[in-house]
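Asker: Contents are compact mmCIF, C-alpha atoms; file name upload13.txt:
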```
# COMPACT_ATOMS: atom_id res chain seq x y z
CA MET A 1 -21.19 -7.24 28.64
CA ALA A 2 -20.71 -5.81 32.14
CA GLU A 3 -19.25 -2.33 32.23
CA ALA A 4 -15.93 -3.32 33.84
CA SER A 5 -15.51 -6.11 31.31
CA GLN A 6 -16.20 -3.73 28.43
CA THR A 7 -13.63 -1.30 29.82
CA THR A 8 -11.04 -4.06 30.00
CA ARG A 9 -11.83 -5.10 26.44
CA ASP A 10 -11.54 -1.51 25.21
CA GLY A 11 -8.21 -1.16 27.00
CA ILE A 12 -6.86 -4.26 25.27
CA VAL A 13 -8.03 -3.03 21.86
CA ALA A 14 -6.47 0.39 22.50
CA ALA A 15 -3.16 -1.17 23.57
CA ALA A 16 -3.19 -3.49 20.55
CA GLY A 17 -3.97 -0.54 18.30
CA GLU A 18 -1.03 1.53 19.52
CA LEU A 19 1.38 -1.37 19.08
CA PHE A 20 0.00 -2.63 15.77
CA TYR A 21 -0.10 0.81 14.15
CA ALA A 22 3.39 1.76 15.31
CA GLY A 23 4.84 -1.66 14.57
CA SER A 24 3.97 -4.76 12.64
CA ILE A 25 0.95 -7.04 12.98
CA ARG A 26 3.10 -10.13 12.69
CA ASP A 27 5.78 -9.06 15.16
CA ILE A 28 3.59 -7.80 17.99
CA SER A 29 2.77 -10.72 20.27
CA VAL A 30 -0.27 -11.19 22.49
CA ASP A 31 2.19 -11.16 25.41
CA ARG A 32 3.27 -7.65 24.51
CA ILE A 33 -0.27 -6.45 24.06
CA ALA A 34 -1.24 -7.89 27.46
CA ALA A 35 1.73 -6.14 29.09
CA GLN A 36 0.87 -2.86 27.38
CA ALA A 37 -2.76 -3.13 28.47
CA GLY A 38 -1.75 -4.10 32.00
CA VAL A 39 -3.67 -7.38 31.95
CA THR A 40 -2.72 -11.04 31.84
CA LYS A 41 -2.55 -13.02 28.63
CA LYS A 42 -5.42 -15.09 29.99
CA THR A 43 -7.56 -11.95 30.17
CA VAL A 44 -6.77 -11.17 26.53
CA TYR A 45 -7.91 -14.66 25.57
CA TYR A 46 -11.03 -14.27 27.67
CA HIS A 47 -12.04 -11.37 25.42
CA PHE A 48 -10.61 -12.58 22.09
CA ARG A 49 -10.47 -16.15 20.90
CA SER A 50 -7.28 -15.51 18.94
CA LYS A 51 -4.77 -12.88 17.93
CA ASP A 52 -6.48 -12.80 14.52
CA GLU A 53 -9.71 -11.76 16.19
CA LEU A 54 -7.85 -9.05 18.11
CA VAL A 55 -6.33 -7.68 14.90
CA ALA A 56 -9.83 -7.53 13.40
CA ALA A 57 -11.14 -5.79 16.55
CA TYR A 58 -8.31 -3.23 16.36
CA LEU A 59 -9.29 -2.29 12.80
CA ASP A 60 -12.98 -2.35 13.61
CA ALA A 61 -12.44 0.12 16.47
CA ARG A 62 -10.54 2.35 14.03
CA ASN A 63 -13.23 2.30 11.34
CA ARG A 64 -15.68 4.95 12.51
CA PRO A 65 -13.12 7.37 14.06
CA THR A 66 -11.07 7.28 10.86
CA LEU A 67 -14.06 8.04 8.66
CA GLU A 68 -15.14 10.81 11.02
CA ARG A 69 -11.66 12.32 11.01
CA TYR A 70 -11.60 12.47 7.21
CA ARG A 71 -15.11 13.95 7.10
CA ARG A 72 -14.07 16.58 9.63
CA TRP A 73 -10.99 17.33 7.54
CA ALA A 74 -13.15 17.73 4.42
CA GLY A 75 -15.60 19.99 6.21
CA LYS A 76 -18.94 21.08 4.81
CA GLY A 77 -18.54 24.27 2.79
CA GLY A 78 -17.38 24.95 -0.74
CA SER A 79 -17.35 22.66 -3.75
CA MET A 80 -16.52 18.94 -3.72
CA ALA A 81 -13.03 19.85 -5.01
CA ASP A 82 -12.63 22.28 -2.10
CA ARG A 83 -13.61 19.62 0.41
CA ILE A 84 -11.27 17.05 -1.09
CA GLU A 85 -8.47 19.62 -1.11
CA ARG A 86 -9.03 20.40 2.57
CA MET A 87 -9.04 16.68 3.30
CA PHE A 88 -5.71 16.23 1.56
CA ARG A 89 -4.25 19.33 3.20
CA SER A 90 -5.07 17.94 6.65
CA LEU A 91 -3.75 14.54 5.66
CA GLN A 92 -0.50 16.18 4.57
CA LYS A 93 -0.23 17.87 7.95
CA ALA A 94 -0.97 14.61 9.78
CA ALA A 95 1.65 12.76 7.73
CA LYS A 96 4.34 15.14 8.96
CA SER A 97 4.05 13.68 12.46
CA HIS A 98 6.65 11.09 13.43
CA GLU A 99 3.81 8.90 14.60
CA TRP A 100 2.08 8.81 11.23
CA ASN A 101 2.54 5.42 9.65
CA GLY A 102 0.21 5.28 6.68
CA CYS A 103 -3.28 3.82 6.47
CA GLY A 104 -3.74 1.20 9.20
CA PHE A 105 -6.29 -0.67 7.09
CA THR A 106 -4.08 -0.89 4.01
CA ARG A 107 -1.11 -1.87 6.11
CA VAL A 108 -2.96 -4.77 7.71
CA ALA A 109 -4.24 -5.94 4.32
CA VAL A 110 -0.73 -5.73 2.84
CA GLU A 111 0.92 -7.44 5.79
CA LEU A 112 -1.62 -10.26 5.64
CA ALA A 113 -1.75 -10.51 1.84
CA ASP A 114 -0.75 -14.18 2.08
CA LEU A 115 -3.55 -15.04 4.53
CA PRO A 116 -6.75 -14.63 2.47
CA GLY A 117 -9.04 -15.99 5.21
CA HIS A 118 -7.86 -13.60 7.93
CA PRO A 119 -10.86 -11.87 9.56
CA ALA A 120 -9.12 -8.47 9.59
CA LEU A 121 -9.16 -8.38 5.78
CA ASP A 122 -12.95 -8.14 5.75
CA VAL A 123 -12.81 -5.27 8.23
CA ALA A 124 -10.26 -3.44 6.07
CA ARG A 125 -12.41 -3.91 2.97
CA ASN A 126 -15.57 -2.81 4.75
CA HIS A 127 -13.83 0.33 5.91
CA LYS A 128 -12.73 1.22 2.41
CA ARG A 129 -16.15 0.44 1.00
CA GLY A 130 -17.68 2.70 3.65
CA PHE A 131 -15.25 5.46 2.76
CA GLU A 132 -16.03 5.10 -0.93
CA GLY A 133 -19.75 5.14 -0.13
CA TRP A 134 -19.40 8.43 1.71
CA LEU A 135 -17.58 10.01 -1.26
CA ARG A 136 -20.11 8.60 -3.73
CA GLN A 137 -22.97 10.08 -1.74
CA ASP A 138 -21.26 13.45 -1.41
CA LEU A 139 -20.52 13.47 -5.15
CA ALA A 140 -24.11 12.54 -5.99
CA ASP A 141 -25.40 15.22 -3.63
CA SER A 142 -23.12 17.69 -5.40
CA GLY A 143 -24.76 16.81 -8.71
CA TYR A 144 -22.09 14.60 -10.26
CA GLU A 145 -23.78 12.10 -12.58
CA ASP A 146 -20.76 9.79 -12.59
CA ALA A 147 -20.49 9.71 -8.78
CA GLY A 148 -19.76 5.96 -8.74
CA GLU A 149 -16.84 6.22 -11.17
CA LEU A 150 -15.49 9.39 -9.54
CA SER A 151 -15.62 7.95 -6.03
CA GLU A 152 -13.53 5.00 -7.20
CA MET A 153 -11.04 7.38 -8.81
CA LEU A 154 -10.79 9.46 -5.64
CA MET A 155 -10.22 6.35 -3.55
CA ILE A 156 -7.44 5.27 -5.92
CA ILE A 157 -5.85 8.70 -5.56
CA LEU A 158 -6.22 8.69 -1.78
CA ASP A 159 -4.76 5.20 -1.36
CA GLY A 160 -2.01 6.01 -3.85
CA ALA A 161 -1.04 9.24 -2.11
CA ILE A 162 -0.93 7.54 1.29
CA THR A 163 1.14 4.68 -0.11
CA ARG A 164 3.64 7.05 -1.69
CA MET A 165 3.81 9.25 1.41
CA LEU A 166 4.60 6.15 3.44
CA VAL A 167 7.13 4.61 1.06
CA HIS A 168 8.98 7.88 0.43
CA ARG A 169 8.24 9.47 3.80
CA ASP A 170 7.31 12.52 1.78
CA PRO A 171 3.98 14.24 2.58
CA HIS A 172 4.01 16.43 -0.53
CA TYR A 173 2.21 13.70 -2.49
CA ALA A 174 -0.97 14.74 -0.66
CA ALA A 175 -0.82 18.13 -2.40
CA VAL A 176 -0.25 16.47 -5.79
CA ALA A 177 -3.21 14.18 -5.08
CA ALA A 178 -5.41 17.17 -4.26
CA ARG A 179 -4.55 18.80 -7.58
CA ALA A 180 -5.22 15.54 -9.46
CA ALA A 181 -8.58 15.25 -7.68
CA ARG A 182 -9.47 18.83 -8.62
CA ARG A 183 -8.76 18.13 -12.29
CA LEU A 184 -10.92 15.01 -12.22
CA LEU A 185 -13.74 16.87 -10.50
CA SER A 186 -13.72 19.84 -12.88
CA ARG A 187 -16.70 20.02 -15.19
CA MET B 1 32.83 -13.24 -8.26
CA ALA B 2 33.51 -16.66 -9.77
CA GLU B 3 30.78 -17.93 -12.07
CA ALA B 4 29.67 -20.80 -9.83
CA SER B 5 29.49 -18.48 -6.86
CA GLN B 6 27.40 -15.97 -8.84
CA THR B 7 25.05 -18.78 -9.87
CA THR B 8 24.64 -19.82 -6.25
CA ARG B 9 23.96 -16.24 -5.23
CA ASP B 10 21.39 -15.80 -8.01
CA GLY B 11 19.69 -19.02 -6.93
CA ILE B 12 19.40 -17.79 -3.36
CA VAL B 13 17.96 -14.45 -4.50
CA ALA B 14 15.47 -16.23 -6.76
CA ALA B 15 14.37 -18.55 -3.95
CA ALA B 16 14.07 -15.63 -1.54
CA GLY B 17 12.08 -13.71 -4.14
CA GLU B 18 9.54 -16.49 -4.65
CA LEU B 19 9.02 -16.91 -0.93
CA PHE B 20 9.00 -13.22 -0.03
CA TYR B 21 6.59 -12.25 -2.81
CA ALA B 22 4.17 -15.09 -2.08
CA GLY B 23 4.45 -14.69 1.67
CA SER B 24 5.68 -12.20 4.19
CA ILE B 25 9.12 -10.68 4.63
CA ARG B 26 8.96 -11.09 8.38
CA ASP B 27 7.70 -14.67 8.42
CA ILE B 28 10.04 -16.19 5.85
CA SER B 29 13.19 -17.35 7.63
CA VAL B 30 16.68 -17.70 6.23
CA ASP B 31 16.32 -21.43 6.97
CA ARG B 32 13.38 -21.67 4.63
CA ILE B 33 15.13 -19.70 1.92
CA ALA B 34 18.19 -21.94 2.19
CA ALA B 35 16.00 -25.04 1.92
CA GLN B 36 14.15 -23.60 -1.09
CA ALA B 37 17.46 -22.72 -2.79
CA GLY B 38 18.93 -26.13 -1.96
CA VAL B 39 21.89 -24.69 -0.07
CA THR B 40 22.95 -24.57 3.56
CA LYS B 41 22.22 -21.61 5.80
CA LYS B 42 25.98 -21.10 6.00
CA THR B 43 26.07 -20.63 2.22
CA VAL B 44 23.35 -17.99 2.45
CA TYR B 45 25.41 -16.14 5.04
CA TYR B 46 28.50 -16.47 2.87
CA HIS B 47 26.71 -14.40 0.21
CA PHE B 48 24.65 -12.09 2.43
CA ARG B 49 25.71 -10.66 5.74
CA SER B 50 22.15 -10.61 7.03
CA LYS B 51 18.55 -11.35 6.15
CA ASP B 52 18.06 -7.59 5.73
CA GLU B 53 20.69 -7.56 3.00
CA LEU B 54 18.96 -10.50 1.32
CA VAL B 55 15.62 -8.66 1.34
CA ALA B 56 17.33 -5.68 -0.29
CA ALA B 57 18.96 -7.98 -2.88
CA TYR B 58 15.58 -9.56 -3.67
CA LEU B 59 14.09 -6.14 -4.44
CA ASP B 60 17.16 -5.00 -6.31
CA ALA B 61 16.94 -8.07 -8.58
CA ARG B 62 13.30 -7.20 -9.22
CA ASN B 63 13.94 -3.56 -10.09
CA ARG B 64 14.97 -3.72 -13.74
CA PRO B 65 12.70 -6.63 -14.80
CA THR B 66 9.70 -4.87 -13.25
CA LEU B 67 10.40 -1.61 -15.05
CA GLU B 68 10.96 -3.48 -18.31
CA ARG B 69 7.71 -5.39 -17.89
CA TYR B 70 5.74 -2.17 -17.46
CA ARG B 71 7.50 -0.55 -20.43
CA ARG B 72 6.67 -3.59 -22.52
CA TRP B 73 3.08 -3.41 -21.37
CA ALA B 74 2.90 0.28 -22.33
CA GLY B 75 4.45 -0.36 -25.74
CA LYS B 76 5.61 2.33 -28.14
CA GLY B 77 2.76 3.46 -30.37
CA GLY B 78 -0.13 5.84 -29.86
CA SER B 79 -0.50 8.72 -27.43
CA MET B 80 0.74 8.79 -23.84
CA ALA B 81 -2.82 8.06 -22.70
CA ASP B 82 -2.90 5.04 -25.03
CA ARG B 83 0.35 3.71 -23.59
CA ILE B 84 -0.82 4.20 -20.01
CA GLU B 85 -4.10 2.50 -20.85
CA ARG B 86 -2.28 -0.50 -22.35
CA MET B 87 -0.08 -0.63 -19.25
CA PHE B 88 -3.11 -0.73 -16.97
CA ARG B 89 -4.89 -3.26 -19.16
CA SER B 90 -1.93 -5.64 -18.88
CA LEU B 91 -1.69 -4.98 -15.16
CA GLN B 92 -5.35 -5.86 -14.82
CA LYS B 93 -4.75 -9.13 -16.64
CA ALA B 94 -1.71 -9.91 -14.46
CA ALA B 95 -3.69 -9.18 -11.29
CA LYS B 96 -6.19 -11.88 -12.20
CA SER B 97 -3.56 -14.55 -11.59
CA HIS B 98 -3.69 -16.32 -8.23
CA GLU B 99 0.01 -15.65 -7.91
CA TRP B 100 -0.34 -11.88 -8.19
CA ASN B 101 0.21 -10.29 -4.81
CA GLY B 102 0.53 -6.57 -5.41
CA CYS B 103 3.66 -4.48 -5.84
CA GLY B 104 6.60 -6.23 -4.19
CA PHE B 105 8.33 -2.90 -3.54
CA THR B 106 5.34 -1.32 -1.82
CA ARG B 107 4.70 -4.46 0.18
CA VAL B 108 8.25 -4.54 1.53
CA ALA B 109 8.10 -0.83 2.40
CA VAL B 110 4.75 -1.32 4.15
CA GLU B 111 5.84 -4.44 6.00
CA LEU B 112 8.98 -2.69 7.20
CA ALA B 113 7.34 0.68 7.91
CA ASP B 114 8.53 0.47 11.53
CA LEU B 115 12.17 -0.14 10.54
CA PRO B 116 13.27 3.15 8.91
CA GLY B 117 16.91 2.09 8.58
CA HIS B 118 16.22 -1.13 6.70
CA PRO B 119 18.33 -1.28 3.51
CA ALA B 120 15.43 -2.62 1.43
CA LEU B 121 13.55 0.66 1.88
CA ASP B 122 16.14 2.51 -0.16
CA VAL B 123 15.85 -0.06 -2.92
CA ALA B 124 12.06 0.29 -2.93
CA ARG B 125 12.33 4.07 -3.12
CA ASN B 126 14.92 3.95 -5.88
CA HIS B 127 12.69 1.67 -7.90
CA LYS B 128 9.75 4.02 -7.61
CA ARG B 129 11.91 7.03 -8.42
CA GLY B 130 13.20 5.21 -11.49
CA PHE B 131 9.66 4.38 -12.56
CA GLU B 132 8.58 8.00 -12.09
CA GLY B 133 11.63 9.15 -14.06
CA TRP B 134 10.66 6.94 -16.98
CA LEU B 135 7.12 8.39 -17.02
CA ARG B 136 8.42 11.95 -16.69
CA GLN B 137 10.73 11.44 -19.65
CA ASP B 138 8.01 9.86 -21.75
CA LEU B 139 5.63 12.72 -20.88
CA ALA B 140 8.25 15.33 -21.71
CA ASP B 141 9.03 13.57 -25.00
CA SER B 142 5.30 13.64 -25.75
CA GLY B 143 5.30 17.41 -25.30
CA TYR B 144 3.71 17.74 -21.86
CA GLU B 145 5.02 20.88 -20.20
CA ASP B 146 3.98 19.72 -16.74
CA ALA B 147 5.69 16.35 -17.09
CA GLY B 148 7.02 16.45 -13.52
CA GLU B 149 3.62 17.04 -11.96
CA LEU B 150 1.86 14.57 -14.26
CA SER B 151 4.40 11.80 -13.60
CA GLU B 152 3.77 12.17 -9.87
CA MET B 153 0.02 12.01 -10.46
CA LEU B 154 0.36 8.90 -12.60
CA MET B 155 2.50 7.22 -9.94
CA ILE B 156 -0.12 8.04 -7.30
CA ILE B 157 -2.78 6.49 -9.54
CA LEU B 158 -0.66 3.43 -10.26
CA ASP B 159 0.21 2.81 -6.61
CA GLY B 160 -3.38 3.49 -5.60
CA ALA B 161 -4.82 1.10 -8.16
CA ILE B 162 -2.41 -1.66 -7.13
CA THR B 163 -3.17 -1.10 -3.45
CA ARG B 164 -6.90 -1.28 -4.05
CA MET B 165 -6.59 -4.33 -6.31
CA LEU B 166 -4.65 -6.05 -3.55
CA VAL B 167 -6.89 -5.03 -0.63
CA HIS B 168 -10.13 -5.84 -2.44
CA ARG B 169 -8.74 -8.60 -4.66
CA ASP B 170 -10.55 -6.82 -7.46
CA PRO B 171 -8.62 -6.10 -10.69
CA HIS B 172 -11.24 -3.72 -12.11
CA TYR B 173 -9.54 -0.80 -10.35
CA ALA B 174 -6.88 -0.94 -13.06
CA ALA B 175 -9.50 0.02 -15.64
CA VAL B 176 -10.75 2.88 -13.44
CA ALA B 177 -7.15 4.03 -13.03
CA ALA B 178 -6.64 4.02 -16.81
CA ARG B 179 -9.69 6.24 -17.29
CA ALA B 180 -8.51 8.61 -14.55
CA ALA B 181 -5.09 8.78 -16.20
CA ARG B 182 -6.67 9.54 -19.57
CA ARG B 183 -8.61 12.45 -18.09
CA LEU B 184 -5.50 13.87 -16.47
CA LEU B 185 -3.55 13.53 -19.70
CA SER B 186 -6.18 15.15 -21.91
CA ARG B 187 -5.24 18.61 -23.17
```
Transcribe the structure of this file into structure tokens.

Answerer:
Amino acid sequence: MAEASQTTRDGIVAAAGELFYAGSIRDISVDRIAAQAGVTKKTVYYHFRSKDELVAAYLDARNRPTLERYRRWAGKGGSMADRIERMFRSLQKAAKSHEWNGCGFTRVAVELADLPGHPALDVARNHKRGFEGWLRQDLADSGYEDAGELSEMLMIILDGAITRMLVHRDPHYAAVAARAARRLLSR
Amino acid sequence: MAEASQTTRDGIVAAAGELFYAGSIRDISVDRIAAQAGVTKKTVYYHFRSKDELVAAYLDARNRPTLERYRRWAGKGGSMADRIERMFRSLQKAAKSHEWNGCGFTRVAVELADLPGHPALDVARNHKRGFEGWLRQDLADSGYEDAGELSEMLMIILDGAITRMLVHRDPHYAAVAARAARRLLSR
């Protein structure tokens, strides 16, 4: 793709991302995304065959930065429980922002729960599998023999804490989640 | 309310509930709900001032039956960990049905995450507070001194397991959740 074309595409994905994350996948129209990106609707459809494809591209663009943010939050030093606690502490801080609106991947999957063939669902699942894979590796590297089982438990706790923080608009669940994780990781 | 009128209202709520749970709050129109309930749109608006109020009524009607279902799943005998395990085992079975579509309360809260004043959000929160209160009481009755903290942890695990089962369409997370709960409840 030519550089200018790639820049336009990135701008559309960024505009879509802002609107989708702050609002609702189903309510945000391609018209609004085009206006936000400062391009015509025709240009959006030059880059994306459909709105569905654009939703998938929005999540895909979010995949790596999200994982990297969580890794940065966890940091490198200390025990696995320390890293998970730091991760949850940063998440708790992030959730205090008015702009925080839960996990974008979960929200897309929940909003599109009645559309099993939607391409964004695969992207959401891949993201969560990637996240779980990172935890499993870190657990294995830390000497946990049941790294597979523990990584699934930690993902349940992470998704549960985010869900509860979103539903109740109460970030303290991140601290509860960190303590639950520490208990599960104790040996 | 006269009996016939109450029956009509219940029929509208039941029709709305079927459509909302299987589909999406935002996509299902009052027209479709009226058609499903076999009444006119005017009749719907005689009973509910707005679609928002109908969404709240749908969740409210679901509150008690949902709690009772989970209590029934948990049963009475055995330890707290046994009851939680039975609850998750039944949830896992329920999630295998094609009609299972996650937690209706969470899904409404997620779908309406950009509408903080929506009346259904309060109903969703009340439901989850009621659920947590039941667990806290059961934990306290079972002699757990940290019943408050543990009930929050169990709710995180429950919401997390349901979220993951929905996103991945994979009921095995309920079994992982049960094992995590058992570890947290061990003393």

Asker: Between atom CA of B:Gln92 and atom CA of B:Pro171, what distance in Å does the model show, to one decimal?

Answerer: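 Straight-line distance from atom CA of B:Gln92 to atom CA of B:Pro171 works out to 5.3 Å.
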
Asker: Determine which residues of chain A sit within 6 Å of chain B, taking into account all atoms listed in the file, and present them as a list in words.

Answerer: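 The selection requested is Gly23, Ala109, Glu111, Asp114, Ile156, Ile157, Asp159, Gly160, Ala161 and Val167 of chain A.
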
Asker: So how many Å separate atom CA of A:Glu18 and atom CA of A:Phe131, to one decimal?

Answerer: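 Those two atoms sit 22.3 Å apart.
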
Asker: Specify the axis-aligned box that encloses all atoms of stretch 86-101 of chain A listed in the file after padding of 6 Å on each side, stating its centre and edge lengths in Å to one decimal as lines of an AutoDock Vina configuration file.

Answerer:
```
center_x = -1.2
center_y = 12.9
center_z = 8.1
size_x = 27.7
size_y = 27.0
size_z = 25.0
```

Asker: Taking 2 positions as the minimum chain separation for residues in the same chain, which residues sit within 12 Å of A:Tyr46 when counting all atoms listed in the file? Answer as a list in words.

Answerer: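 That gives Ser5, Gln6, Thr8, Arg9, Ile12, Ala34, Val39, Thr40, Lys41, Lys42, Thr43, Val44, Phe48, Arg49, Ser50, Lys51, Glu53 and Leu54 of chain A.
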
Asker: Report, in Å with one decimal, the straight-line distance from atom CA of B:Ser29 to atom CA of B:Gly130.

Answerer: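 Spanning atom CA of B:Ser29 to atom CA of B:Gly130 is a straight-line distance of 29.6 Å.
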
Asker: Considering all atoms listed in the file, can you say which of A:His172, A:Asp52, A:Ile33, A:Glu68 comes closest to A:Trp134?

Answerer: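 Using all atoms listed in the file, the shortest distance to A:Trp134 belongs to A:Glu68.
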
Asker: Can you tell me which residues surround B:Gly17 at a distance of at most 9 Å, considering all atoms listed in the file, apart from same-chain residues fewer than 6 positions away, and format the answer as a ChimeraX atom specification?

Answerer: /B:55,58-59,61-62

Asker: For A:Arg72, find every residue with an atom within 12 Å (counting all atoms listed in the file), except residues of its own chain fewer than 5 positions away, and show them as a list in words.

Answerer: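 Contacts, in chain order: Pro65, Thr66, Leu67, Gly77, Arg83, Ile84, Arg86, Met87, Phe88, Ser90 and Leu91 of chain A.
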
Asker: How would stretch 154-176 of chain B read, as an mmCIF file, in the coordinates of the input, once N, CA and C atoms are built in?

Answerer:
```cif
data_model
loop_
_atom_site.group_PDB
_atom_site.id
_atom_site.type_symbol
_atom_site.label_atom_id
_atom_site.label_comp_id
_atom_site.auth_asym_id
_atom_site.auth_seq_id
_atom_site.Cartn_x
_atom_site.Cartn_y
_atom_site.Cartn_z
ATOM 1 N N LEU B 154 0.514 10.258 -12.053
ATOM 2 C CA LEU B 154 0.360 8.900 -12.600
ATOM 3 C C LEU B 154 0.888 7.852 -11.623
ATOM 4 N N MET B 155 1.965 8.171 -10.927
ATOM 5 C CA MET B 155 2.500 7.220 -9.940
ATOM 6 C C MET B 155 1.523 7.046 -8.781
ATOM 7 N N ILE B 156 0.896 8.139 -8.370
ATOM 8 C CA ILE B 156 -0.120 8.040 -7.300
ATOM 9 C C ILE B 156 -1.245 7.116 -7.769
ATOM 10 N N ILE B 157 -1.676 7.308 -9.020
ATOM 11 C CA ILE B 157 -2.780 6.490 -9.540
ATOM 12 C C ILE B 157 -2.356 5.031 -9.674
ATOM 13 N N LEU B 158 -1.138 4.807 -10.119
ATOM 14 C CA LEU B 158 -0.660 3.430 -10.260
ATOM 15 C C LEU B 158 -0.565 2.746 -8.892
ATOM 16 N N ASP B 159 0.082 3.410 -7.943
ATOM 17 C CA ASP B 159 0.210 2.810 -6.610
ATOM 18 C C ASP B 159 -1.156 2.636 -5.942
ATOM 19 N N GLY B 160 -2.042 3.590 -6.177
ATOM 20 C CA GLY B 160 -3.380 3.490 -5.600
ATOM 21 C C GLY B 160 -4.171 2.340 -6.190
ATOM 22 N N ALA B 161 -4.083 2.184 -7.516
ATOM 23 C CA ALA B 161 -4.820 1.100 -8.160
ATOM 24 C C ALA B 161 -4.297 -0.252 -7.679
ATOM 25 N N ILE B 162 -2.975 -0.377 -7.580
ATOM 26 C CA ILE B 162 -2.410 -1.660 -7.130
ATOM 27 C C ILE B 162 -2.815 -1.938 -5.685
ATOM 28 N N THR B 163 -2.776 -0.912 -4.843
ATOM 29 C CA THR B 163 -3.170 -1.100 -3.450
ATOM 30 C C THR B 163 -4.622 -1.562 -3.372
ATOM 31 N N ARG B 164 -5.488 -0.897 -4.116
ATOM 32 C CA ARG B 164 -6.900 -1.280 -4.050
ATOM 33 C C ARG B 164 -7.140 -2.660 -4.650
ATOM 34 N N MET B 165 -6.433 -2.989 -5.721
ATOM 35 C CA MET B 165 -6.590 -4.330 -6.310
ATOM 36 C C MET B 165 -6.169 -5.394 -5.306
ATOM 37 N N LEU B 166 -5.146 -5.085 -4.527
ATOM 38 C CA LEU B 166 -4.650 -6.050 -3.550
ATOM 39 C C LEU B 166 -5.605 -6.162 -2.360
ATOM 40 N N VAL B 167 -6.021 -5.017 -1.821
ATOM 41 C CA VAL B 167 -6.890 -5.030 -0.630
ATOM 42 C C VAL B 167 -8.218 -5.706 -0.958
ATOM 43 N N HIS B 168 -8.803 -5.324 -2.105
ATOM 44 C CA HIS B 168 -10.130 -5.840 -2.440
ATOM 45 C C HIS B 168 -10.071 -7.092 -3.316
ATOM 46 N N ARG B 169 -8.877 -7.468 -3.731
ATOM 47 C CA ARG B 169 -8.740 -8.600 -4.660
ATOM 48 C C ARG B 169 -9.694 -8.400 -5.839
ATOM 49 N N ASP B 170 -9.619 -7.191 -6.400
ATOM 50 C CA ASP B 170 -10.550 -6.820 -7.460
ATOM 51 C C ASP B 170 -9.792 -6.039 -8.544
ATOM 52 N N PRO B 171 -9.458 -6.731 -9.656
ATOM 53 C CA PRO B 171 -8.620 -6.100 -10.690
ATOM 54 C C PRO B 171 -9.288 -4.964 -11.449
ATOM 55 N N HIS B 172 -10.575 -4.740 -11.271
ATOM 56 C CA HIS B 172 -11.240 -3.720 -12.110
ATOM 57 C C HIS B 172 -10.723 -2.313 -11.807
ATOM 58 N N TYR B 173 -10.077 -2.123 -10.647
ATOM 59 C CA TYR B 173 -9.540 -0.800 -10.350
ATOM 60 C C TYR B 173 -8.491 -0.352 -11.370
ATOM 61 N N ALA B 174 -7.860 -1.305 -12.037
ATOM 62 C CA ALA B 174 -6.880 -0.940 -13.060
ATOM 63 C C ALA B 174 -7.564 -0.201 -14.213
ATOM 64 N N ALA B 175 -8.766 -0.631 -14.550
ATOM 65 C CA ALA B 175 -9.500 0.020 -15.640
ATOM 66 C C ALA B 175 -9.941 1.423 -15.216
ATOM 67 N N VAL B 176 -10.366 1.553 -13.965
ATOM 68 C CA VAL B 176 -10.750 2.880 -13.440
ATOM 69 C C VAL B 176 -9.532 3.801 -13.459
#
```
